[in-house]
Amino acid sequence: MVIRALLKPNTYYDSITLMSVAMAAKDLPGVEDIGAVMATAVNLELLLNANLMPAAFLAKQQTPPGSEDLLLVVRAIDDAHAEAALAVAEERLTSRADHGTTSRDEILPARSLDMALKRDEAANLAVITVAGEHAWLEAEQALRYGLHVFLFSDNVPVEQEKRLKALAMSKGLLLMGPDCGTAIINGVGLGFSNVVPRGSIGIVGASGTGMQQLICLVAAAGMGISQAIGTGGRDLSEAIGGVMMRSGLELLANDEQTKVIVLVSKPPAERVAREILLAAQIKKPVVVVFLGADPESFSSVAGNAHMARTLTGGAELAVSLSGGDRLRIPGKDALNKYDLAKERAKLASSQRYIRALYSGGTLCDEAMLLLSELLGPIASNIPLRPEWALAAGERFRGHTALDLGSDEFTRGRPHPMIDPTISLQYLERAADDPETAVILLDIVLGFCTQQNPASVFSPAIIHAREKAKVAGRSLPVIISLCGTEGDPQRLSLQRTALEAAGAMVFESNEVAASAAALLASDVMLQS
Amino acid sequence: MAVSFIAEDYSRPIQPLFSHGAQVGIVHSVFKKATNITFNETLLALLSDELPRMPNSVRLRSVVTDELLPKMQPGMEVYVGNDALIIPSCDFSLFLSNAPVWEPRPDVSAYKWNNETVAKHTRLLTQFLAKKQLQDGLAPLVEVLFHKQSLQETPLLHMAMPKLRLLAQASWRQNIAGIEEATRGLAGLGPGLTPSGDDVLCGFAAIMKLLSPQLSSDSQSRKHIASIIATVAKPRTTNVSAVLLEHASRGEVAEQFGSLLLTLRLPAEECKTVLKAADRAQAFGASSGGDTLLGMLLGLRALEGEID
């Protein structure tokens, strides 16, 4: 009779596993008894009482086993049977424990700030995309490490944003966000970003898709971007005070590569807008696009700043000021590509309203601003005026523009720039409505968005138009296509496929909205 | 990209671990549906919501644990604090946020307790446990302790039997030295990560803490016995057991044992409810359920008076 043992320090298995392993080993030929216990003092006594005490084995151990160590003991007729039983027991334990453990030789991905910084001490920017409610924790940690932060997460409380931005300022760092959709830093795109060449135009924006529209139009003119710094959509609110836009402006003012600066924001707080304009009185040309704000109202403080009413207008100014050809930007001339009068003539008398379906909030804002000037009230879930708000459950009311990327549509599902399901649903609903004169929708290309939006939207557009035709209606579909030839989806491929499906495609959102207005009414556009 | 989750629920005693400043812990052990993480003197259990709540648990949806646990290894660093638990190597963040808080201490004060009724339930439960004819752990001793039946002794049962009897006797007599001696003999005894002797002590300590004021036939509280047991056992057993004993000494027990304990207030006619709860409690683990139930029954018996 021999007693052999195996000690596994700091090893834990549940009782069911240990018992089944012990029973399997005990059934082996030549095995008299087996024990599998944590090496507590009383369990050693138990082994002694059970004639399983591996005294010689324990005497050889440099450190006596303790209550956190697993002790496997076999009493068998000879060495060979004992060792075989131990081998079986250990093999069974190992296979049971193996639910995908990582090999010690395999390098774990460096995903914590600590680990990443240890591996690359030169890193100076953190991208944070964790759940918004708690994203500030990560952002604060990154700032304290001395990293710039791109904070993609939304739903960060405004108090936390204010605090984080104060911390960033005190350390001379950028806090891009929260809810920062895009940025291009030293040629590297972050978030929903487009592929554009590097150049001399720098952008600071409190608007994700607004920046993307500017960047793509600049790229269409053959120009490039030096830096595109996002600030988060609330930066120019009264609560935040434009802290990061001023900081970005200062950085670009001192950046040698940047020759022209563009500032872009959704409607800002008036006081903050004035402060930003004062800060923009620098030597470099600064183009300012404060959507929804009448440039005339800021004439007293605009000074050297070049005010633009639309994103396309802002891009045209920036390209001109950089020495480029503004006519290369696909502007209102693109309207001549399609016979809008003919399309309008095909509409039935019931078809009176525009139904705009946007995934980009700023693009939706811009369209509403233009359309309301031309057509009057635009109902929306993000209305320009409170009285234009859609009621709960109300899909369309007269001219309607929906931001399908807003919280009420994205709760529990991906953003429509990533997953177009909600856009397709509303496309069908709008198409089925006999009052719909034209459907206007945006498609944004670039990293992180759908891989091939045309493959999804083209069949849907064909189906919608055919269905309308059966019902005796013509159904024009206008697409505001934001992207570049360098984007993974390729602008020209998407355009061709969408046009083949019968859609009218414009790269300028302003022009797309104008085309929709022309189809829905007898409006005259300003040249 | 980091993945963040909100807990399904969590046990009230672990709340301070999350609400205080950040501290570092390590993964202690990983199982198919659960993992234990040590922080200084305590141990947190991350459980699948398929498992019953533990006094030291945070539960996650099973789809999350199914994804997370295979990636975890003992020794990994874990950060807790500021409402979050972060496992950097697994790119995992957990937040308590507004997850429901579960109270592991049964609210015994909300009910009236009748000694005779509880005694009837105790007898019913000893028969229930005996009929199960459990082979593992210490539960087979229910026959010897309560029904004066003989039993084929194993070395484990042989060692445990006199200590269990001593525990009950010494507790009734409030003989501290006897309680300590019994605890020393039972702590860390038997197979498993929570050895059988510890499971018995957990059940016994919880009864002392929660019901001794209401049920001691001499009307004397024996709450302090629970603390003695936890203190004496701590250096003699595994970390997991020590933490669970610490909870038990405060009257904090796993969900199924708390539910069973509260059914003891029900009138004798509701014995089916009691047995149903006992069935759930006994089914826990390989032998832990039966062992803890044995400890509870031994505690209830000790409160009735002198043991032969």
# chains A, B, ... in the order shown; residues from 1 in each chain; ligands from 1
call {"tool": "residues_around", "arguments": {"residues": "A:Glu161", "least_positions_apart": "2", "cutoff": "12 Å", "atoms": "only C-alpha atoms", "output": "VMD selection string"}}
result
chain A and resid 132 to 137 139 to 140 151 153 to 159 163 to 168 175 to 180 231 to 235 237 239 to 244
call {"tool": "write_last_selection", "arguments": {"atoms": "N, CA and C atoms", "output": "short mmCIF file (atom, residue, chain, number, x, y, z; two decimals), in the first residue's frame"}}
result
data_model
loop_
_atom_site.label_atom_id
_atom_site.label_comp_id
_atom_site.auth_asym_id
_atom_site.auth_seq_id
_atom_site.Cartn_x
_atom_site.Cartn_y
_atom_site.Cartn_z
N GLY A 132 -22.81 55.76 -21.00
CA GLY A 132 -22.69 57.19 -20.71
C GLY A 132 -22.81 57.58 -19.25
N GLU A 133 -23.71 56.91 -18.56
CA GLU A 133 -23.98 57.30 -17.18
C GLU A 133 -22.71 57.29 -16.33
N HIS A 134 -21.79 56.43 -16.70
CA HIS A 134 -20.60 56.27 -15.89
C HIS A 134 -19.31 56.64 -16.64
N ALA A 135 -19.48 57.18 -17.85
CA ALA A 135 -18.31 57.45 -18.68
C ALA A 135 -17.40 58.50 -18.04
N TRP A 136 -17.98 59.37 -17.25
CA TRP A 136 -17.16 60.42 -16.64
C TRP A 136 -16.06 59.84 -15.75
N LEU A 137 -16.35 58.67 -15.17
CA LEU A 137 -15.33 58.02 -14.33
C LEU A 137 -14.06 57.74 -15.13
N ALA A 139 -13.33 59.05 -18.02
CA ALA A 139 -12.76 60.29 -18.57
C ALA A 139 -11.89 60.98 -17.52
N GLU A 140 -12.37 61.00 -16.30
CA GLU A 140 -11.60 61.66 -15.25
C GLU A 140 -10.27 60.95 -15.03
N LEU A 151 -14.52 61.66 -25.88
CA LEU A 151 -15.59 61.03 -25.10
C LEU A 151 -16.82 60.85 -26.00
N SER A 153 -19.24 58.73 -25.55
CA SER A 153 -20.44 58.40 -24.77
C SER A 153 -21.35 59.60 -24.61
N ASP A 154 -22.66 59.32 -24.60
CA ASP A 154 -23.61 60.40 -24.30
C ASP A 154 -24.20 60.15 -22.91
N ASN A 155 -25.23 60.90 -22.59
CA ASN A 155 -25.89 60.77 -21.28
C ASN A 155 -24.97 61.05 -20.10
N VAL A 156 -23.91 61.81 -20.32
CA VAL A 156 -23.07 62.25 -19.20
C VAL A 156 -23.73 63.50 -18.59
N PRO A 157 -23.99 63.52 -17.30
CA PRO A 157 -24.66 64.68 -16.70
C PRO A 157 -23.88 65.97 -16.95
N VAL A 158 -24.63 67.06 -17.13
CA VAL A 158 -23.99 68.32 -17.49
C VAL A 158 -23.04 68.79 -16.38
N GLU A 159 -23.36 68.46 -15.12
CA GLU A 159 -22.47 68.86 -14.02
C GLU A 159 -21.12 68.18 -14.16
N ARG A 163 -17.39 69.80 -14.81
CA ARG A 163 -16.27 69.48 -13.92
C ARG A 163 -15.10 68.91 -14.71
N LEU A 164 -15.40 68.00 -15.64
CA LEU A 164 -14.34 67.37 -16.43
C LEU A 164 -13.64 68.40 -17.32
N LYS A 165 -14.43 69.31 -17.87
CA LYS A 165 -13.82 70.31 -18.75
C LYS A 165 -12.94 71.27 -17.95
N ALA A 166 -13.36 71.55 -16.72
CA ALA A 166 -12.52 72.39 -15.86
C ALA A 166 -11.20 71.67 -15.56
N LEU A 167 -11.31 70.36 -15.30
CA LEU A 167 -10.11 69.56 -15.02
C LEU A 167 -9.19 69.54 -16.25
N ALA A 168 -9.81 69.34 -17.42
CA ALA A 168 -9.02 69.31 -18.66
C ALA A 168 -8.30 70.64 -18.86
N LEU A 175 -10.91 67.89 -23.73
CA LEU A 175 -11.96 66.92 -23.44
C LEU A 175 -12.97 67.06 -24.58
N MET A 176 -12.85 66.19 -25.57
CA MET A 176 -13.75 66.26 -26.72
C MET A 176 -15.00 65.45 -26.40
N GLY A 177 -16.09 66.14 -26.09
CA GLY A 177 -17.31 65.47 -25.70
C GLY A 177 -17.85 66.03 -24.41
N PRO A 178 -18.80 65.36 -23.83
CA PRO A 178 -19.38 64.07 -24.18
C PRO A 178 -20.26 64.15 -25.44
N ASP A 179 -20.68 62.96 -25.89
CA ASP A 179 -21.49 62.84 -27.09
C ASP A 179 -20.75 63.44 -28.27
N CYS A 180 -19.45 63.20 -28.34
CA CYS A 180 -18.64 63.71 -29.43
C CYS A 180 -18.64 62.66 -30.54
N THR A 231 -16.25 69.06 -29.68
CA THR A 231 -16.37 69.61 -28.32
C THR A 231 -17.50 68.98 -27.55
N GLY A 232 -18.39 68.23 -28.25
CA GLY A 232 -19.62 67.78 -27.61
C GLY A 232 -20.72 68.81 -27.85
N GLY A 233 -21.93 68.32 -28.06
CA GLY A 233 -23.03 69.18 -28.49
C GLY A 233 -23.45 70.24 -27.51
N ARG A 234 -23.11 70.08 -26.23
CA ARG A 234 -23.57 71.05 -25.22
C ARG A 234 -22.54 72.13 -24.93
N ASP A 235 -21.42 72.08 -25.63
CA ASP A 235 -20.32 72.96 -25.23
C ASP A 235 -20.70 74.43 -25.27
N SER A 237 -23.54 75.70 -24.71
CA SER A 237 -24.73 76.00 -23.90
C SER A 237 -24.31 76.97 -22.79
N ALA A 239 -24.67 76.54 -19.70
CA ALA A 239 -24.08 75.81 -18.57
C ALA A 239 -22.58 75.55 -18.76
N ILE A 240 -22.17 75.25 -19.96
CA ILE A 240 -20.76 74.89 -20.20
C ILE A 240 -19.95 76.10 -20.64
N GLY A 241 -20.58 76.97 -21.38
CA GLY A 241 -19.93 78.25 -21.69
C GLY A 241 -18.89 78.22 -22.79
N GLY A 242 -18.91 77.17 -23.62
CA GLY A 242 -17.99 77.14 -24.77
C GLY A 242 -16.53 76.93 -24.39
N VAL A 243 -16.31 76.31 -23.26
CA VAL A 243 -14.95 76.12 -22.74
C VAL A 243 -14.05 75.42 -23.75
N MET A 244 -14.56 74.32 -24.31
CA MET A 244 -13.69 73.53 -25.19
C MET A 244 -13.57 74.15 -26.57
#
call {"tool": "residues_around", "arguments": {"residues": "B:Val24", "least_positions_apart": "5", "cutoff": "8 Å", "atoms": "only C-alpha atoms", "output": "list in words"}}
result
Phe39, Glu77, Val78, Tyr79 and Val80 of chain B
call {"tool": "write_last_selection", "arguments": {"atoms": "C-alpha atoms", "output": "CSV table (one decimal), in the first residue's frame"}}
result
chain,number,residue,atom,x,y,z
B,39,PHE,CA,-10.8,42.7,-1.5
B,77,GLU,CA,-6.7,42.4,-11.0
B,78,VAL,CA,-10.1,43.9,-10.2
B,79,TYR,CA,-10.9,47.5,-9.2
B,80,VAL,CA,-13.9,48.4,-7.1
call {"tool": "closest_atom_pairs", "arguments": {"of": "chain B", "to": "chain A", "cutoff": "9 Å", "atoms": "only C-alpha atoms", "output": "Markdown table"}}
result
| residue | atom | partner | partner_atom | distance |
| --- | --- | --- | --- | --- |
| B:Met1 | CA | A:Thr129 | CA | 7.0 |
| B:Ala2 | CA | A:Val130 | CA | 6.0 |
| B:Val3 | CA | A:Val130 | CA | 6.5 |
| B:Ser4 | CA | A:Ala131 | CA | 6.1 |
| B:Phe5 | CA | A:Ala131 | CA | 8.0 |
| B:His28 | CA | A:Asn10 | CA | 8.1 |
| B:Ser29 | CA | A:Tyr12 | CA | 5.9 |
| B:Val30 | CA | A:Tyr12 | CA | 7.9 |
| B:Phe31 | CA | A:Tyr13 | CA | 7.4 |
| B:Lys32 | CA | A:His99 | CA | 7.7 |
| B:Leu69 | CA | A:His99 | CA | 8.0 |
| B:Pro70 | CA | A:Gly100 | CA | 4.8 |
| B:Lys71 | CA | A:Thr101 | CA | 5.7 |
| B:Met72 | CA | A:Thr101 | CA | 6.7 |
| B:Gln73 | CA | A:Thr101 | CA | 6.5 |
| B:Pro74 | CA | A:Thr11 | CA | 8.5 |
| B:Asn82 | CA | A:Leu137 | CA | 8.2 |
| B:Asp83 | CA | A:His134 | CA | 8.8 |
| B:Ala84 | CA | A:His134 | CA | 8.3 |
| B:Ile87 | CA | A:Ser112 | CA | 8.6 |
| B:Pro88 | CA | A:Ser112 | CA | 5.0 |
| B:Ser89 | CA | A:Leu108 | CA | 6.7 |
| B:Cys90 | CA | A:Arg111 | CA | 8.4 |
| B:Asp91 | CA | A:Arg111 | CA | 6.2 |
| B:Ser93 | CA | A:Val130 | CA | 8.6 |
| B:Phe95 | CA | A:His134 | CA | 8.0 |
| B:Ser97 | CA | A:Glu133 | CA | 8.8 |
| B:Asp136 | CA | A:Met19 | CA | 8.9 |
| B:Thr154 | CA | A:Ala50 | CA | 8.1 |
| B:Pro155 | CA | A:Ala50 | CA | 5.6 |
| B:Leu156 | CA | A:Leu46 | CA | 6.4 |
| B:Met159 | CA | A:Leu46 | CA | 7.5 |
| B:Arg184 | CA | A:Val42 | CA | 8.2 |
| B:Gly185 | CA | A:Val42 | CA | 6.7 |
| B:Leu186 | CA | A:Val42 | CA | 7.5 |
| B:Ala187 | CA | A:Val42 | CA | 7.4 |
| B:Gly188 | CA | A:Thr40 | CA | 5.5 |
| B:Leu189 | CA | A:Asn43 | CA | 5.3 |
| B:Gly190 | CA | A:Asn43 | CA | 6.2 |
| B:Pro191 | CA | A:Val37 | CA | 4.9 |
| B:Gly192 | CA | A:Ser15 | CA | 4.3 |
| B:Leu193 | CA | A:Asp14 | CA | 6.0 |
| B:Thr194 | CA | A:Ser15 | CA | 8.0 |
| B:Pro195 | CA | A:Met38 | CA | 7.8 |
| B:Pro235 | CA | A:Ser67 | CA | 8.7 |
| B:Arg236 | CA | A:Thr40 | CA | 6.4 |
| B:Thr237 | CA | A:Ser67 | CA | 5.6 |
| B:Thr238 | CA | A:Ser67 | CA | 5.0 |
| B:Asn239 | CA | A:Glu68 | CA | 7.2 |
| B:Gly285 | CA | A:Ile16 | CA | 6.9 |
| B:Ala286 | CA | A:Ile16 | CA | 4.9 |
| B:Ser287 | CA | A:Ser15 | CA | 7.4 |
| B:Ser288 | CA | A:Ser15 | CA | 8.4 |
call {"tool": "write_last_selection", "arguments": {"atoms": "C-alpha atoms", "output": "PDB file, in the first residue's frame"}}
result
ATOM      1  CA  MET B   1     -14.083  48.561 -26.715  1.00  0.00           C
ATOM      2  CA  ALA B   2     -14.864  48.359 -23.017  1.00  0.00           C
ATOM      3  CA  VAL B   3     -18.088  46.620 -22.153  1.00  0.00           C
ATOM      4  CA  SER B   4     -20.158  47.939 -19.270  1.00  0.00           C
ATOM      5  CA  PHE B   5     -23.031  46.319 -17.504  1.00  0.00           C
ATOM      6  CA  HIS B  28      -9.930  34.376  -6.150  1.00  0.00           C
ATOM      7  CA  SER B  29     -11.745  31.586  -7.966  1.00  0.00           C
ATOM      8  CA  VAL B  30     -13.749  31.105 -11.126  1.00  0.00           C
ATOM      9  CA  PHE B  31     -16.601  28.689 -11.697  1.00  0.00           C
ATOM     10  CA  LYS B  32     -19.042  28.136 -14.515  1.00  0.00           C
ATOM     11  CA  LEU B  69     -16.472  33.928 -16.796  1.00  0.00           C
ATOM     12  CA  PRO B  70     -14.606  31.914 -19.419  1.00  0.00           C
ATOM     13  CA  LYS B  71     -12.268  34.895 -19.851  1.00  0.00           C
ATOM     14  CA  MET B  72     -11.524  35.199 -16.149  1.00  0.00           C
ATOM     15  CA  GLN B  73      -8.588  33.661 -14.374  1.00  0.00           C
ATOM     16  CA  PRO B  74      -7.601  33.551 -10.718  1.00  0.00           C
ATOM     17  CA  ASN B  82     -17.066  54.802  -7.026  1.00  0.00           C
ATOM     18  CA  ASP B  83     -20.071  52.624  -7.890  1.00  0.00           C
ATOM     19  CA  ALA B  84     -18.099  50.555 -10.352  1.00  0.00           C
ATOM     20  CA  ILE B  87     -11.830  43.963 -14.587  1.00  0.00           C
ATOM     21  CA  PRO B  88      -9.333  45.493 -17.014  1.00  0.00           C
ATOM     22  CA  SER B  89      -8.040  42.218 -18.430  1.00  0.00           C
ATOM     23  CA  CYS B  90     -11.551  41.267 -19.475  1.00  0.00           C
ATOM     24  CA  ASP B  91     -12.426  44.785 -20.592  1.00  0.00           C
ATOM     25  CA  SER B  93     -17.074  47.201 -16.138  1.00  0.00           C
ATOM     26  CA  PHE B  95     -22.093  49.324 -12.188  1.00  0.00           C
ATOM     27  CA  SER B  97     -26.494  52.127 -10.485  1.00  0.00           C
ATOM     28  CA  ASP B 136     -22.086  13.196   1.384  1.00  0.00           C
ATOM     29  CA  THR B 154     -16.907   7.276   8.123  1.00  0.00           C
ATOM     30  CA  PRO B 155     -13.832   9.138   9.403  1.00  0.00           C
ATOM     31  CA  LEU B 156     -15.616  12.417   8.592  1.00  0.00           C
ATOM     32  CA  MET B 159     -14.871  13.342  13.770  1.00  0.00           C
ATOM     33  CA  ARG B 184     -12.411  24.414  16.248  1.00  0.00           C
ATOM     34  CA  GLY B 185     -13.359  20.827  15.495  1.00  0.00           C
ATOM     35  CA  LEU B 186     -15.819  21.684  12.757  1.00  0.00           C
ATOM     36  CA  ALA B 187     -14.268  24.678  10.999  1.00  0.00           C
ATOM     37  CA  GLY B 188     -12.602  23.596   7.770  1.00  0.00           C
ATOM     38  CA  LEU B 189     -13.786  19.993   8.162  1.00  0.00           C
ATOM     39  CA  GLY B 190     -14.789  18.041   5.099  1.00  0.00           C
ATOM     40  CA  PRO B 191     -14.742  18.356   1.345  1.00  0.00           C
ATOM     41  CA  GLY B 192     -15.393  21.438  -0.731  1.00  0.00           C
ATOM     42  CA  LEU B 193     -14.522  25.091  -0.967  1.00  0.00           C
ATOM     43  CA  THR B 194     -16.915  25.617   1.922  1.00  0.00           C
ATOM     44  CA  PRO B 195     -16.139  22.477   3.922  1.00  0.00           C
ATOM     45  CA  PRO B 235      -8.311  31.322  10.820  1.00  0.00           C
ATOM     46  CA  ARG B 236      -9.129  27.640  10.496  1.00  0.00           C
ATOM     47  CA  THR B 237     -10.952  27.519   7.209  1.00  0.00           C
ATOM     48  CA  THR B 238     -11.016  28.779   3.648  1.00  0.00           C
ATOM     49  CA  ASN B 239     -11.483  32.442   2.846  1.00  0.00           C
ATOM     50  CA  GLY B 285     -24.480  22.764  -4.029  1.00  0.00           C
ATOM     51  CA  ALA B 286     -23.215  19.220  -3.681  1.00  0.00           C
ATOM     52  CA  SER B 287     -23.611  18.899   0.079  1.00  0.00           C
ATOM     53  CA  SER B 288     -23.766  22.541   1.252  1.00  0.00           C
TER      54      SER B 288
END
call {"tool": "atom_distance", "arguments": {"atom1": "atom CA of B:Gln174", "atom2": "atom CA of B:Phe204"}}
result
14.1 Å
call {"tool": "select_by_dssp", "arguments": {"residues": "stretch 136-318 of chain A", "states": "helix (DSSP H, G or I)", "output": "ChimeraX atom specification"}}
result
/A:136-144,158-170,208-220,243-253,270-279,295-302,311-318
call {"tool": "residues_around", "arguments": {"residues": "stretch 109-121 of chain B", "least_positions_apart": "2", "cutoff": "10 Å", "atoms": "only C-alpha atoms", "output": "PyMOL selection string"}}
result
chain B and resi 106-107+123-127+210-211+214-217+261-271+274-275+297+300-301+303-304
call {"tool": "write_last_selection", "arguments": {"atoms": "C-alpha atoms", "output": "JSON list (two decimals), in the first residue's frame"}}
result
[["chain", "number", "residue", "atom", "x", "y", "z"],
["B", 106, "PRO", "CA", -34.46, 37.90, 6.96],
["B", 107, "ASP", "CA", -36.76, 40.33, 8.72],
["B", 123, "ARG", "CA", -39.24, 17.78, 13.68],
["B", 124, "LEU", "CA", -40.80, 17.77, 10.25],
["B", 125, "LEU", "CA", -37.57, 19.02, 8.72],
["B", 126, "THR", "CA", -35.39, 16.49, 10.51],
["B", 127, "GLN", "CA", -37.58, 13.76, 9.01],
["B", 210, "LEU", "CA", -31.76, 35.69, 14.21],
["B", 211, "LEU", "CA", -34.06, 33.52, 16.30],
["B", 214, "GLN", "CA", -37.58, 34.79, 20.08],
["B", 215, "LEU", "CA", -37.23, 31.04, 20.50],
["B", 216, "SER", "CA", -34.86, 30.25, 23.39],
["B", 217, "SER", "CA", -36.98, 28.33, 25.84],
["B", 261, "LEU", "CA", -36.13, 30.36, 7.93],
["B", 262, "LEU", "CA", -39.12, 32.68, 7.46],
["B", 263, "THR", "CA", -41.46, 29.78, 6.67],
["B", 264, "LEU", "CA", -40.89, 28.51, 10.21],
["B", 265, "ARG", "CA", -43.29, 31.19, 11.48],
["B", 266, "LEU", "CA", -46.15, 29.71, 9.49],
["B", 267, "PRO", "CA", -48.83, 27.65, 11.22],
["B", 268, "ALA", "CA", -48.26, 23.91, 11.37],
["B", 269, "GLU", "CA", -50.92, 23.34, 8.70],
["B", 270, "GLU", "CA", -48.70, 25.07, 6.18],
["B", 271, "CYS", "CA", -46.10, 22.36, 6.36],
["B", 274, "VAL", "CA", -42.04, 24.71, 4.72],
["B", 275, "LEU", "CA", -41.07, 21.50, 2.95],
["B", 297, "LEU", "CA", -31.99, 22.31, 12.72],
["B", 300, "LEU", "CA", -33.29, 25.27, 16.61],
["B", 301, "ARG", "CA", -32.93, 22.14, 18.72],
["B", 303, "LEU", "CA", -32.78, 26.63, 21.67],
["B", 304, "GLU", "CA", -35.34, 24.10, 22.96]]
call {"tool": "atom_distance", "arguments": {"atom1": "atom CA of A:Gly483", "atom2": "atom CA of A:His415"}}
result
17.5 Å
call {"tool": "select_by_dssp", "arguments": {"residues": "stretch 54-203 of chain B", "states": "strand (DSSP E)", "output": "ChimeraX atom specification"}}
result
/B:57-60,77-81,84-87,92-95,101-102
call {"tool": "closest_residue", "arguments": {"among": "A:Ser207, A:Gln450, A:Ser521, A:Thr182", "to": "A:Ala341", "atoms": "only C-alpha atoms"}}
result
A:Ser521
call {"tool": "residues_around", "arguments": {"residues": "A:Gly393", "least_positions_apart": "5", "cutoff": "12 Å", "atoms": "only C-alpha atoms", "output": "ChimeraX atom specification"}}
result
/A:380-381,408-409
call {"tool": "atom_distance", "arguments": {"atom1": "atom CA of B:Ser19", "atom2": "atom CA of B:His224"}}
result
29.1 Å
call {"tool": "residues_around", "arguments": {"residues": "A:Val262", "least_positions_apart": "4", "cutoff": "6 Å", "atoms": "only C-alpha atoms", "output": "NGL selection string"}}
result
:A and (203 or 286-288)
call {"tool": "residues_around", "arguments": {"residues": "A:Ile185", "least_positions_apart": "5", "cutoff": "10 Å", "atoms": "only C-alpha atoms", "output": "short mmCIF file (atom, residue, chain, number, x, y, z; two decimals) with C-alpha atoms, in the first residue's frame"}}
result
data_model
loop_
_atom_site.label_atom_id
_atom_site.label_comp_id
_atom_site.auth_asym_id
_atom_site.auth_seq_id
_atom_site.Cartn_x
_atom_site.Cartn_y
_atom_site.Cartn_z
CA LEU A 125 -5.20 60.41 -26.11
CA LEU A 190 -12.04 59.10 -34.26
CA ILE A 225 -8.19 69.09 -42.90
CA SER A 226 -5.43 69.92 -40.43
CA GLN A 227 -7.35 69.03 -37.29
CA ALA A 228 -11.03 68.54 -36.51
CA ILE A 229 -11.68 68.96 -32.82
CA GLY A 230 -15.08 67.95 -31.46
#
call {"tool": "closest_residue", "arguments": {"among": "B:Ser221, B:Asn36, B:Ser150, B:Ser62", "to": "B:Ser241", "atoms": "only C-alpha atoms"}}
result
B:Asn36
call {"tool": "closest_residue", "arguments": {"among": "B:Asp308, B:Ser259, B:Pro162, B:Gly299", "to": "B:Ala226", "atoms": "only C-alpha atoms"}}
result
B:Gly299
